[in-house]
$ cat data_3.tsv   # TSV, C-alpha atoms and all ligand atoms
chain	number	residue	atom	x	y	z
A	1	MET	CA	-5.37	10.18	12.62
A	2	ILE	CA	-4.14	13.65	11.80
A	3	LEU	CA	-0.54	12.56	12.21
A	4	SER	CA	-0.91	9.65	9.85
A	5	ALA	CA	-2.62	11.84	7.31
A	6	VAL	CA	0.38	14.19	7.37
A	7	GLU	CA	2.78	11.30	6.97
A	8	LEU	CA	0.78	9.92	4.13
A	9	TRP	CA	0.68	13.31	2.53
A	10	ARG	CA	4.49	13.31	2.54
A	11	THR	CA	4.72	9.81	1.15
A	12	CYS	CA	2.34	10.74	-1.62
A	13	ARG	CA	4.22	13.91	-2.44
A	14	GLU	CA	7.49	12.03	-2.75
A	15	CYS	CA	6.17	9.45	-5.11
A	16	VAL	CA	3.63	11.34	-7.19
A	17	SER	CA	4.38	14.63	-8.84
A	18	ARG	CA	0.82	15.44	-9.92
A	19	PRO	CA	-0.95	17.59	-7.37
A	20	TYR	CA	-4.42	16.23	-8.03
A	21	THR	CA	-3.27	12.70	-7.25
A	22	VAL	CA	-1.87	13.89	-3.95
A	23	PHE	CA	-5.23	15.40	-3.21
A	24	ILE	CA	-7.05	12.19	-4.01
A	25	CYS	CA	-4.56	10.21	-1.91
A	26	SER	CA	-5.01	12.28	1.22
A	27	LEU	CA	-8.73	12.26	0.82
A	28	ALA	CA	-8.67	8.50	0.56
A	29	ALA	CA	-6.40	8.25	3.59
A	30	ALA	CA	-8.89	10.20	5.62
A	31	LEU	CA	-11.74	8.05	4.41
A	32	TYR	CA	-9.83	4.88	5.13
A	33	TYR	CA	-9.09	5.86	8.69
A	34	LEU	CA	-12.66	6.95	9.23
A	35	TRP	CA	-14.04	3.66	8.11
A	36	GLY	CA	-11.07	1.53	9.14
A	37	ARG	CA	-12.20	-1.24	6.86
A	38	LYS	CA	-10.21	-4.34	6.06
A	39	CYS	CA	-10.78	-6.75	3.27
A	40	GLN	CA	-11.81	-10.27	3.84
A	41	VAL	CA	-10.73	-12.78	1.26
A	42	SER	CA	-13.30	-15.38	0.46
A	43	HIS	CA	-13.41	-18.12	-2.09
A	44	ARG	CA	-15.98	-20.31	-3.67
A	45	GLY	CA	-15.53	-23.62	-5.32
A	46	HIS	CA	-15.18	-27.27	-4.59
A	47	LYS	CA	-13.75	-28.38	-1.22
A	48	ALA	CA	-10.90	-30.45	-2.64
A	49	PHE	CA	-9.67	-27.68	-4.92
A	50	SER	CA	-9.92	-25.26	-2.01
A	51	ALA	CA	-7.85	-27.61	0.19
A	52	PHE	CA	-5.25	-27.90	-2.56
A	53	LEU	CA	-5.02	-24.12	-2.78
A	54	HIS	CA	-4.68	-23.73	0.99
A	55	LYS	CA	-1.83	-26.21	1.00
A	56	HIS	CA	0.15	-25.09	-2.05
A	57	CYS	CA	-0.96	-21.50	-2.50
A	58	PRO	CA	-1.07	-20.19	1.09
A	59	VAL	CA	-1.75	-16.60	-0.01
A	60	VAL	CA	-5.43	-17.58	-0.46
A	61	ALA	CA	-5.81	-17.88	3.33
A	62	GLU	CA	-4.33	-14.44	3.96
A	63	ARG	CA	-6.34	-11.42	4.91
A	64	PHE	CA	-5.99	-8.89	2.11
A	65	SER	CA	-5.56	-5.39	3.53
A	66	PRO	CA	-5.34	-2.72	0.88
A	67	THR	CA	-2.78	0.08	1.06
A	68	PRO	CA	-4.13	2.23	3.91
A	69	TRP	CA	-4.12	5.48	1.97
A	70	CYS	CA	-5.47	3.85	-1.14
A	71	TRP	CA	-9.01	2.96	-0.33
A	72	GLY	CA	-11.70	2.12	-2.83
A	73	GLY	CA	-11.66	0.30	-6.15
A	74	ARG	CA	-11.32	3.34	-8.36
A	75	LEU	CA	-8.44	4.75	-6.38
A	76	GLN	CA	-6.64	1.38	-6.26
A	77	THR	CA	-6.97	1.16	-10.02
A	78	LEU	CA	-5.72	4.70	-10.65
A	79	VAL	CA	-2.86	4.62	-8.18
A	80	CYS	CA	-1.73	1.26	-9.52
A	81	ALA	CA	-1.51	2.73	-13.02
A	82	LEU	CA	0.51	5.72	-11.75
A	83	LEU	CA	2.81	4.14	-9.19
A	84	LYS	CA	3.47	0.53	-9.98
A	85	SER	CA	7.08	-0.39	-10.71
A	86	ARG	CA	8.15	-1.98	-13.99
A	87	PRO	CA	10.55	-4.88	-13.50
A	88	PRO	CA	12.85	-5.20	-16.52
A	89	ALA	CA	12.16	-7.97	-19.03
A	90	THR	CA	14.13	-8.74	-22.16
A	91	TYR	CA	11.87	-10.17	-24.82
A	92	ARG	CA	12.60	-12.21	-27.90
A	93	ASN	CA	9.96	-11.21	-30.40
A	94	GLU	CA	8.50	-13.74	-32.81
A	95	LEU	CA	5.94	-13.09	-35.52
A	96	ILE	CA	3.75	-16.04	-36.48
A	97	ARG	CA	1.38	-16.18	-39.43
A	98	THR	CA	-2.31	-17.01	-39.25
A	99	ALA	CA	-4.61	-18.81	-41.69
A	100	ASP	CA	-6.26	-15.54	-42.79
A	101	GLY	CA	-2.90	-14.08	-43.89
A	102	GLY	CA	-2.40	-12.02	-40.75
A	103	GLN	CA	0.34	-12.15	-38.15
A	104	ILE	CA	0.58	-12.36	-34.37
A	105	SER	CA	3.38	-10.87	-32.31
A	106	LEU	CA	4.65	-13.08	-29.48
A	107	ASP	CA	7.11	-11.87	-26.86
A	108	TRP	CA	9.15	-14.67	-25.30
A	109	VAL	CA	11.24	-14.81	-22.14
A	110	ASP	CA	12.98	-18.13	-22.71
A	111	ASN	CA	14.72	-18.25	-19.33
A	112	GLU	CA	17.62	-20.36	-20.64
A	113	ALA	CA	19.40	-19.73	-17.32
A	114	SER	CA	16.67	-21.64	-15.44
A	115	ALA	CA	18.29	-23.75	-12.72
A	116	THR	CA	15.17	-25.84	-12.02
A	117	TYR	CA	14.43	-26.57	-15.69
A	118	PRO	CA	17.72	-26.44	-17.62
A	119	GLU	CA	16.18	-28.46	-20.49
A	120	SER	CA	14.27	-26.17	-22.81
A	121	CYS	CA	11.99	-28.95	-24.07
A	122	THR	CA	10.41	-29.66	-20.68
A	123	ARG	CA	10.54	-26.17	-19.14
A	124	PRO	CA	6.97	-25.25	-18.14
A	125	THR	CA	5.51	-22.29	-20.02
A	126	VAL	CA	3.22	-19.52	-18.83
A	127	LEU	CA	1.19	-18.03	-21.67
A	128	ILE	CA	0.18	-14.48	-20.70
A	129	LEU	CA	-2.83	-12.72	-22.22
A	130	PRO	CA	-2.92	-8.95	-21.55
A	131	GLY	CA	-6.07	-6.85	-21.24
A	132	LEU	CA	-7.83	-4.45	-23.61
A	133	THR	CA	-5.30	-2.25	-25.50
A	134	GLY	CA	-2.56	-3.99	-23.47
A	135	ASN	CA	0.62	-5.67	-24.63
A	136	SER	CA	3.83	-7.11	-23.19
A	137	GLN	CA	4.88	-3.71	-21.80
A	138	GLN	CA	2.11	-3.50	-19.18
A	139	SER	CA	3.44	-3.42	-15.63
A	140	TYR	CA	1.22	-6.37	-14.59
A	141	VAL	CA	2.74	-8.43	-17.41
A	142	LEU	CA	6.28	-7.50	-16.35
A	143	HIS	CA	5.49	-8.45	-12.74
A	144	ALA	CA	3.99	-11.77	-13.82
A	145	ILE	CA	7.12	-12.52	-15.83
A	146	SER	CA	9.34	-11.69	-12.89
A	147	GLN	CA	7.34	-14.11	-10.69
A	148	ALA	CA	7.44	-16.94	-13.25
A	149	THR	CA	11.05	-16.63	-14.39
A	150	ARG	CA	12.47	-16.53	-10.85
A	151	ARG	CA	10.80	-19.93	-10.34
A	152	GLY	CA	12.51	-21.28	-13.45
A	153	TYR	CA	9.61	-21.14	-15.92
A	154	ARG	CA	9.39	-19.79	-19.46
A	155	CYS	CA	6.93	-17.05	-20.45
A	156	VAL	CA	5.35	-16.02	-23.69
A	157	VAL	CA	3.11	-12.99	-24.09
A	158	PHE	CA	0.36	-13.16	-26.71
A	159	ASN	CA	0.01	-9.53	-27.85
A	160	ASN	CA	-3.44	-8.77	-29.21
A	161	ARG	CA	-3.32	-8.14	-32.95
A	162	GLY	CA	-2.43	-4.57	-33.80
A	163	VAL	CA	-1.09	-3.57	-30.38
A	164	GLY	CA	2.15	-5.58	-30.24
A	165	GLY	CA	4.07	-3.09	-32.40
A	166	GLU	CA	3.61	-5.25	-35.52
A	167	GLU	CA	1.94	-4.30	-38.81
A	168	LEU	CA	-1.61	-5.39	-39.50
A	169	LEU	CA	-1.46	-7.47	-42.68
A	170	THR	CA	-5.24	-8.02	-42.78
A	171	PRO	CA	-8.12	-5.84	-41.52
A	172	VAL	CA	-8.56	-7.99	-38.39
A	173	THR	CA	-7.69	-6.96	-34.85
A	174	TYR	CA	-9.05	-8.79	-31.78
A	175	CYS	CA	-12.08	-9.33	-29.60
A	176	ALA	CA	-12.90	-11.23	-26.40
A	177	ALA	CA	-15.07	-13.83	-28.11
A	178	ASN	CA	-12.95	-14.97	-31.04
A	179	THR	CA	-10.51	-17.61	-29.86
A	180	SER	CA	-9.00	-18.52	-33.24
A	181	ASP	CA	-5.78	-16.55	-32.66
A	182	LEU	CA	-5.33	-18.00	-29.17
A	183	GLY	CA	-5.84	-21.47	-30.65
A	184	ARG	CA	-3.15	-20.72	-33.22
A	185	VAL	CA	-0.76	-19.50	-30.51
A	186	VAL	CA	-1.26	-22.57	-28.29
A	187	GLN	CA	-0.78	-24.85	-31.29
A	188	HIS	CA	2.45	-23.01	-32.11
A	189	VAL	CA	3.79	-23.16	-28.54
A	190	LYS	CA	2.89	-26.87	-28.18
A	191	GLY	CA	4.50	-27.54	-31.57
A	192	LEU	CA	7.79	-26.05	-30.34
A	193	TYR	CA	7.74	-27.71	-26.91
A	194	PRO	CA	5.38	-30.70	-26.91
A	195	TYR	CA	6.66	-31.93	-23.51
A	196	ALA	CA	6.38	-28.62	-21.69
A	197	PRO	CA	3.12	-27.98	-19.81
A	198	VAL	CA	1.36	-24.68	-20.62
A	199	LEU	CA	-0.59	-22.58	-18.12
A	200	GLY	CA	-2.77	-19.78	-19.49
A	201	ALA	CA	-2.90	-16.54	-17.47
A	202	GLY	CA	-5.41	-13.94	-18.66
A	203	VAL	CA	-5.82	-10.42	-17.32
A	204	SER	CA	-9.14	-8.60	-17.77
A	205	LEU	CA	-10.11	-9.00	-21.45
A	206	GLY	CA	-7.30	-11.57	-21.73
A	207	GLY	CA	-9.12	-13.53	-19.02
A	208	MET	CA	-12.37	-13.47	-21.01
A	209	LEU	CA	-10.53	-14.74	-24.05
A	210	LEU	CA	-8.83	-17.47	-22.00
A	211	LEU	CA	-12.07	-18.69	-20.40
A	212	ASN	CA	-13.90	-18.63	-23.73
A	213	TYR	CA	-11.08	-20.66	-25.22
A	214	LEU	CA	-10.96	-23.19	-22.35
A	215	ALA	CA	-14.75	-23.61	-22.58
A	216	ARG	CA	-14.72	-24.07	-26.35
A	217	LYS	CA	-11.83	-26.54	-26.39
A	218	GLY	CA	-12.67	-28.62	-23.30
A	219	THR	CA	-10.11	-31.39	-22.93
A	220	GLU	CA	-8.35	-30.34	-26.17
A	221	SER	CA	-7.13	-26.96	-24.91
A	222	GLY	CA	-3.42	-27.86	-24.75
A	223	MET	CA	-3.26	-26.17	-21.33
A	224	VAL	CA	-2.88	-27.75	-17.90
A	225	ALA	CA	-4.57	-24.91	-16.01
A	226	GLY	CA	-5.87	-21.36	-16.21
A	227	LEU	CA	-5.62	-18.25	-14.06
A	228	THR	CA	-7.62	-15.06	-14.53
A	229	ILE	CA	-7.11	-11.70	-12.82
A	230	SER	CA	-9.98	-9.17	-12.72
A	231	VAL	CA	-11.90	-10.83	-15.52
A	232	PRO	CA	-15.20	-9.14	-16.51
A	233	TRP	CA	-17.76	-11.95	-16.17
A	234	ASN	CA	-20.55	-10.34	-18.10
A	235	ALA	CA	-19.78	-7.81	-20.83
A	236	HIS	CA	-23.19	-6.09	-20.56
A	237	LYS	CA	-22.90	-5.54	-16.82
A	238	SER	CA	-19.27	-4.40	-17.18
A	239	SER	CA	-20.28	-1.86	-19.81
A	240	ASP	CA	-23.11	-0.58	-17.62
A	241	SER	CA	-20.69	-0.11	-14.73
A	242	MET	CA	-18.10	1.56	-16.94
A	243	GLU	CA	-20.71	4.01	-18.21
A	244	GLU	CA	-21.49	5.37	-14.76
A	245	PRO	CA	-20.37	9.02	-14.96
A	246	LEU	CA	-17.32	8.82	-12.71
A	247	ASN	CA	-16.13	5.52	-14.20
A	248	TRP	CA	-16.61	6.94	-17.67
A	249	LEU	CA	-14.53	9.98	-16.80
A	250	LEU	CA	-11.74	8.07	-15.05
A	251	PHE	CA	-11.44	4.92	-17.15
A	252	ASN	CA	-13.84	4.46	-20.05
A	253	LYS	CA	-12.91	7.67	-21.88
A	254	TYR	CA	-9.21	6.91	-21.54
A	255	LEU	CA	-9.55	3.33	-22.77
A	256	THR	CA	-11.77	4.36	-25.68
A	257	ARG	CA	-9.07	6.82	-26.72
A	258	GLY	CA	-6.51	4.00	-26.55
A	259	LEU	CA	-8.70	1.83	-28.78
A	260	CYS	CA	-9.06	4.70	-31.25
A	261	ARG	CA	-5.31	5.33	-31.30
A	262	ALA	CA	-4.73	1.74	-32.44
A	263	VAL	CA	-7.30	2.22	-35.20
A	264	ILE	CA	-5.57	5.43	-36.35
A	265	ARG	CA	-2.21	3.65	-36.42
A	266	HIS	CA	-3.62	1.00	-38.76
A	267	ARG	CA	-6.04	3.27	-40.58
A	268	LYS	CA	-4.91	2.31	-44.11
A	269	VAL	CA	-5.68	-1.38	-43.61
A	270	LEU	CA	-8.80	-0.97	-41.47
A	271	GLU	CA	-10.41	1.53	-43.85
A	272	LYS	CA	-11.35	-1.44	-46.04
A	273	VAL	CA	-13.80	-2.78	-43.47
A	274	ALA	CA	-14.99	0.12	-41.32
A	275	ASP	CA	-16.02	3.75	-41.49
A	276	ILE	CA	-13.02	5.02	-39.56
A	277	ASP	CA	-14.23	8.59	-39.01
A	278	TYR	CA	-17.43	7.26	-37.48
A	279	VAL	CA	-15.47	4.78	-35.33
A	280	LEU	CA	-13.20	7.53	-34.03
A	281	LYS	CA	-16.19	9.51	-32.77
A	282	ALA	CA	-16.94	6.77	-30.22
A	283	GLN	CA	-17.10	8.11	-26.67
A	284	THR	CA	-17.36	4.78	-24.84
A	285	ILE	CA	-15.97	1.28	-25.22
A	286	ARG	CA	-19.49	0.10	-26.05
A	287	GLU	CA	-19.81	2.62	-28.89
A	288	PHE	CA	-16.40	1.55	-30.16
A	289	ASP	CA	-17.43	-2.11	-30.05
A	290	GLU	CA	-20.72	-1.29	-31.79
A	291	ARG	CA	-19.01	0.59	-34.61
A	292	PHE	CA	-15.86	-1.48	-34.95
A	293	THR	CA	-15.32	-4.72	-32.99
A	294	ALA	CA	-18.76	-6.26	-33.54
A	295	VAL	CA	-18.79	-5.27	-37.23
A	296	GLN	CA	-15.31	-6.65	-37.79
A	297	PHE	CA	-16.14	-10.05	-36.33
A	298	GLY	CA	-19.46	-10.39	-38.12
A	299	TYR	CA	-21.89	-9.84	-35.23
A	300	ARG	CA	-25.27	-8.41	-36.10
A	301	THR	CA	-25.26	-6.18	-33.02
A	302	CYS	CA	-22.96	-5.27	-30.17
A	303	THR	CA	-25.43	-7.04	-27.84
A	304	ASP	CA	-24.78	-10.27	-29.74
A	305	TYR	CA	-21.05	-9.74	-29.42
A	306	TYR	CA	-21.26	-9.04	-25.67
A	307	HIS	CA	-23.39	-12.12	-25.18
A	308	ASP	CA	-20.85	-14.26	-26.99
A	309	ALA	CA	-17.90	-12.64	-25.17
A	310	SER	CA	-19.21	-13.15	-21.60
A	311	PRO	CA	-17.51	-16.12	-19.97
A	312	ASP	CA	-19.84	-16.60	-16.95
A	313	LYS	CA	-22.27	-19.15	-18.39
A	314	LYS	CA	-19.55	-21.01	-20.27
A	315	LEU	CA	-17.60	-22.08	-17.18
A	316	PRO	CA	-19.32	-25.51	-16.99
A	317	SER	CA	-17.71	-26.45	-20.33
A	318	THR	CA	-14.19	-25.95	-18.99
A	319	THR	CA	-12.25	-29.00	-17.86
A	320	VAL	CA	-8.86	-27.84	-16.52
A	321	PRO	CA	-8.25	-26.33	-13.04
A	322	ILE	CA	-8.99	-22.60	-13.11
A	323	LEU	CA	-8.41	-19.97	-10.43
A	324	CYS	CA	-10.08	-16.55	-10.79
A	325	LEU	CA	-9.21	-13.50	-8.68
A	326	ASN	CA	-11.72	-10.63	-8.54
A	327	ALA	CA	-12.30	-7.67	-6.24
A	328	ALA	CA	-15.86	-6.71	-5.29
A	329	ASP	CA	-15.05	-3.02	-5.85
A	330	ASP	CA	-13.66	-3.45	-9.38
A	331	PRO	CA	-15.32	-0.80	-11.57
A	332	PHE	CA	-14.64	-2.91	-14.69
A	333	SER	CA	-16.05	-6.14	-13.32
A	334	PRO	CA	-19.04	-5.52	-11.02
A	335	GLN	CA	-19.75	-8.07	-8.33
A	336	ASN	CA	-23.37	-8.55	-9.40
A	337	ALA	CA	-21.93	-10.54	-12.30
A	338	PHE	CA	-19.67	-12.88	-10.28
A	339	PRO	CA	-20.75	-16.45	-11.17
A	340	LEU	CA	-21.09	-17.66	-7.57
A	341	THR	CA	-23.86	-20.21	-8.09
A	342	ILE	CA	-22.36	-21.56	-11.32
A	343	VAL	CA	-18.99	-22.16	-9.67
A	344	GLN	CA	-20.48	-23.94	-6.66
A	345	ASP	CA	-21.19	-26.99	-8.80
A	346	LEU	CA	-17.84	-27.04	-10.57
A	347	PRO	CA	-14.96	-29.06	-9.08
A	348	ASN	CA	-12.37	-27.41	-11.34
A	349	VAL	CA	-13.08	-23.68	-10.86
A	350	ALA	CA	-12.26	-21.56	-7.80
A	351	LEU	CA	-13.21	-17.92	-7.37
A	352	LEU	CA	-11.00	-15.91	-5.04
A	353	LEU	CA	-12.85	-12.76	-4.06
A	354	THR	CA	-11.64	-9.78	-2.05
A	355	ALA	CA	-13.79	-6.89	-0.82
A	356	HIS	CA	-11.25	-4.36	-2.09
A	357	GLY	CA	-8.50	-4.36	-4.69
A	358	GLY	CA	-9.94	-2.57	-7.72
A	359	HIS	CA	-9.09	-3.61	-11.27
A	360	ILE	CA	-5.73	-5.41	-11.70
A	361	ALA	CA	-4.46	-3.51	-8.65
A	362	PHE	CA	-4.66	-5.32	-5.26
A	363	LEU	CA	-2.18	-2.85	-3.78
A	364	GLN	CA	-0.79	-3.66	-0.33
A	365	GLY	CA	1.64	-1.91	1.99
A	366	LEU	CA	2.28	1.77	2.57
A	367	PHE	CA	4.34	2.24	-0.56
A	368	PRO	CA	2.80	-0.23	-3.03
A	369	ARG	CA	5.22	-0.17	-5.92
A	370	GLY	CA	6.52	-3.71	-5.72
A	371	GLU	CA	5.01	-7.15	-5.26
A	372	SER	CA	1.34	-7.10	-4.24
A	373	TYR	CA	-1.30	-9.69	-3.40
A	374	MET	CA	-1.99	-10.29	-7.09
A	375	GLU	CA	1.65	-11.02	-7.92
A	376	ARG	CA	2.11	-13.35	-4.96
A	377	LEU	CA	-1.02	-15.24	-5.90
A	378	PHE	CA	0.18	-15.52	-9.49
A	379	GLY	CA	3.61	-16.82	-8.43
A	380	GLN	CA	2.25	-19.34	-5.92
A	381	PHE	CA	-0.49	-20.66	-8.19
A	382	VAL	CA	1.81	-21.10	-11.18
A	383	GLN	CA	4.26	-23.01	-9.00
A	384	ALA	CA	1.47	-25.13	-7.44
A	385	VAL	CA	0.21	-26.13	-10.91
A	386	PHE	CA	3.61	-27.01	-12.37
A	387	GLU	CA	5.09	-28.73	-9.30
A	388	HIS	CA	2.02	-30.73	-8.16
A	389	PRO	CA	0.21	-31.76	-11.35
A	390	ALA	CA	-1.16	-35.04	-10.01
A	391	GLN	CA	-2.53	-33.46	-6.82
A	392	ILE	CA	-4.26	-30.59	-8.54
A	393	ASN	CA	-5.87	-32.87	-11.10
A	394	LYS	CA	-7.07	-35.20	-8.36
A	395	ALA	CA	-8.44	-32.23	-6.37
A	396	CYS	CA	-10.30	-30.99	-9.44
A	397	CYS	CA	-11.63	-34.49	-10.35
A	398	ILE	CA	-9.68	-34.55	-13.59
A	399	LYS	CA	-8.71	-37.93	-14.95
A	400	GLU	CA	-5.09	-38.33	-15.96
A	501	LIG	C1	-12.74	-15.63	-35.71
A	501	LIG	O1	-12.85	-14.67	-36.73
A	501	LIG	C2	-12.39	-15.12	-38.00
A	501	LIG	C3	-12.44	-13.94	-38.94
A	501	LIG	O2	-13.65	-13.24	-38.87
A	501	LIG	C4	-13.25	-16.29	-38.46
A	501	LIG	O3	-12.79	-16.78	-39.68
A	501	LIG	C5	-13.18	-17.39	-37.40
A	501	LIG	O4	-14.03	-18.46	-37.75
A	501	LIG	C6	-13.57	-16.87	-36.05
A	501	LIG	N1	-13.31	-17.91	-35.07
A	501	LIG	C7	-14.10	-18.18	-34.04
A	501	LIG	C8	-13.65	-19.28	-33.15
A	501	LIG	O5	-15.14	-17.59	-33.84

$ encode --input "data_3.tsv" --output "structure tokens"
Amino acid sequence: MILSAVELWRTCRECVSRPYTVFICSLAAALYYLWGRKCQVSHRGHKAFSAFLHKHCPVVAERFSPTPWCWGGRLQTLVCALLKSRPPATYRNELIRTADGGQISLDWVDNEASATYPESCTRPTVLILPGLTGNSQQSYVLHAISQATRRGYRCVVFNNRGVGGEELLTPVTYCAANTSDLGRVVQHVKGLYPYAPVLGAGVSLGGMLLLNYLARKGTESGMVAGLTISVPWNAHKSSDSMEEPLNWLLFNKYLTRGLCRAVIRHRKVLEKVADIDYVLKAQTIREFDERFTAVQFGYRTCTDYYHDASPDKKLPSTTVPILCLNAADDPFSPQNAFPLTIVQDLPNVALLLTAHGGHIAFLQGLFPRGESYMERLFGQFVQAVFEHPAQINKACCIKE
């Protein structure tokens, strides 16, 4: 055990320059070896969907073992943010207008060189929805694009309003409950390529938005399937978890600052609808939502907004096949909110749960910079959906 700790110490020192991270890493290594825990992957959902996944998405049957020196949800999440590689992606940016006079920034990877789908009009499209404060530059987005494009598919990233590098033309940004912009984006994508199937892939807040959209639209969603990674199922419970002192210090404070930075960037426009100085004093995401997001979208209280934003109880209204990956130690999405009983009765929704993995991390291997469990799942599921449409619909009891 001592030997491995020394080796790990060296590995950490090579890849991370910050001394405190090295300290955390070695501490975690020690803890990991003391406990020697492994993660067991489990999934809930209908038998036929599960059988489909086992056949076409074999990663679901694998045992997920986290990076040995990176033990615990918080550490997975932090290390992922510090270490993860960033595969190159060349985007074609497109700005589309919305009914309220605003604009949305889309980042396309057309993949014209696709060998499997040389015809642009039928090339399947993955629509990627990043998380809170995220845009097309996030490493998890870049990895998703690398997985999809190598299989011959097209990608388009829906940047949340105000964080895609574009100007805000109206005092409207984004929230997890309002699906109007996503509806506009899907309509635009389907208008360009009516014969190309669209799969929605939402990460964290993007996953909430995706599930809320799929539930609201039912059979009219314009998508053939959905995938969520580390989605918060209940916004109240997520906020409670994120306000625990250590989570606040490590994540909540940082994200709140990110939210405030976006408000400062668009201060001139947003001043019309909110008391910006008061907003900028927010210390938590919940305070920010109370002072800004909920007000902006016309909710009476933040509690009302969080109720409307939570996708757990809305799952029964969805109609397309949906796969959801969550880790039980995700500080952003606590396991007491996982909709286990709701999903049991739904033929079209599968939850894939791991004991460890943190938030959008799922790091594996000694030096977890490259492809991890999450990326392999993404790649395999996207391919399963696009290459076996009849089978997946049959497995999920969806009529053609
Ligand atoms: C989203 O918000 C806009 C602006 O506040 C509003 O006009 C629209 O009806 C909302 N859409 C949904 C689906 O709630």

$ residues_around --input "data_3.tsv" --residues "region 246-260 of chain A" --least-positions-apart "4" --cutoff "9 Å" --atoms "all atoms listed in the file" --output "count of residues only"
20

$ closest_residue --input "data_3.tsv" --among "A:Ser204, A:Asn234, A:Thr293, A:Asn135" --to "ligand LIG 501 (chain A)" --atoms "only C-alpha atoms and all ligand atoms"
A:Thr293

$ axis_aligned_box --input "data_3.tsv" --around "region 323-336 of chain A" --padding-each-side "6 Å" --output "lines of an AutoDock Vina configuration file"
center_x = -15.9
center_y = -10.4
center_z = -10.0
size_x = 27.0
size_y = 31.2
size_z = 21.4

$ residues_near_ligand --input "data_3.tsv" --ligand "ligand LIG 501 (chain A)" --cutoff "9 Å" --atoms "all atoms listed in the file" --output "PDB file with C-alpha atoms, in the coordinates of the input"
ATOM      1  CA  ALA A  99      -4.610 -18.810 -41.690  1.00  0.00           C
ATOM      2  CA  ASP A 100      -6.260 -15.540 -42.790  1.00  0.00           C
ATOM      3  CA  VAL A 172      -8.560  -7.990 -38.390  1.00  0.00           C
ATOM      4  CA  TYR A 174      -9.050  -8.790 -31.780  1.00  0.00           C
ATOM      5  CA  CYS A 175     -12.080  -9.330 -29.600  1.00  0.00           C
ATOM      6  CA  ALA A 177     -15.070 -13.830 -28.110  1.00  0.00           C
ATOM      7  CA  ASN A 178     -12.950 -14.970 -31.040  1.00  0.00           C
ATOM      8  CA  THR A 179     -10.510 -17.610 -29.860  1.00  0.00           C
ATOM      9  CA  SER A 180      -9.000 -18.520 -33.240  1.00  0.00           C
ATOM     10  CA  ASP A 181      -5.780 -16.550 -32.660  1.00  0.00           C
ATOM     11  CA  GLY A 183      -5.840 -21.470 -30.650  1.00  0.00           C
ATOM     12  CA  TYR A 213     -11.080 -20.660 -25.220  1.00  0.00           C
ATOM     13  CA  ARG A 216     -14.720 -24.070 -26.350  1.00  0.00           C
ATOM     14  CA  GLN A 296     -15.310  -6.650 -37.790  1.00  0.00           C
ATOM     15  CA  PHE A 297     -16.140 -10.050 -36.330  1.00  0.00           C
ATOM     16  CA  GLY A 298     -19.460 -10.390 -38.120  1.00  0.00           C
TER      17      GLY A 298
END

$ closest_residue --input "data_3.tsv" --among "A:Val231, A:Ala144, A:Ile392, A:Ala361" --to "Cys70 (chain A)" --atoms "all atoms listed in the file"
A:Ala361

$ atom_distance --input "data_3.tsv" --atom1 "CA of Tyr299 (chain A)" --atom2 "CA of Ala235 (chain A)"
14.7 Å

$ closest_residue --input "data_3.tsv" --among "A:Asp107, A:Glu271, A:Glu119, A:Glu220" --to "Thr318 (chain A)" --atoms "only C-alpha atoms"
A:Glu220

$ closest_residue --input "data_3.tsv" --among "A:Trp108, A:Leu209, A:Pro232, A:Val263" --to "Gly162 (chain A)" --atoms "all atoms listed in the file"
A:Val263

$ atom_distance --input "data_3.tsv" --atom1 "CA of Leu127 (chain A)" --atom2 "CA of Phe158 (chain A)"
7.1 Å

$ atom_distance --input "data_3.tsv" --atom1 "CA of Cys324 (chain A)" --atom2 "CA of Thr301 (chain A)"
28.8 Å

$ closest_residue --input "data_3.tsv" --among "A:Gly200, A:Pro171, A:Gly218, A:Pro245" --to "Gly102 (chain A)" --atoms "all atoms listed in the file"
A:Pro171

$ closest_residue --input "data_3.tsv" --among "A:Pro316, A:Gly222, A:Pro130, A:Gly358" --to "Arg184 (chain A)" --atoms "only C-alpha atoms"
A:Gly222

$ residues_around --input "data_3.tsv" --residues "Leu353 (chain A)" --least-positions-apart "2" --cutoff "12 Å" --atoms "all atoms listed in the file" --output "MDAnalysis selection string"
chainID A and resid 39:45 60:64 228:231 323:330 333:335 338:340 350:351 355:358 362 373:374

$ build_atoms --input "data_3.tsv" --residues "region 200-205 of chain A" --atoms "N, CA and C atoms" --output "compact mmCIF listing (two decimals), in the frame of the given file"
# COMPACT_ATOMS: atom_id res chain seq x y z
N GLY A 200 -2.29 -21.04 -18.92
CA GLY A 200 -2.77 -19.78 -19.49
C GLY A 200 -3.11 -18.80 -18.38
N ALA A 201 -2.60 -17.56 -18.47
CA ALA A 201 -2.90 -16.54 -17.47
C ALA A 201 -3.46 -15.32 -18.18
N GLY A 202 -4.75 -15.03 -17.94
CA GLY A 202 -5.41 -13.94 -18.66
C GLY A 202 -5.80 -12.81 -17.72
N VAL A 203 -5.51 -11.59 -18.14
CA VAL A 203 -5.82 -10.42 -17.32
C VAL A 203 -6.95 -9.65 -18.00
N SER A 204 -8.01 -9.39 -17.26
CA SER A 204 -9.14 -8.60 -17.77
C SER A 204 -9.67 -9.20 -19.08
N LEU A 205 -9.63 -8.46 -20.18
CA LEU A 205 -10.11 -9.00 -21.45
C LEU A 205 -9.36 -10.28 -21.84
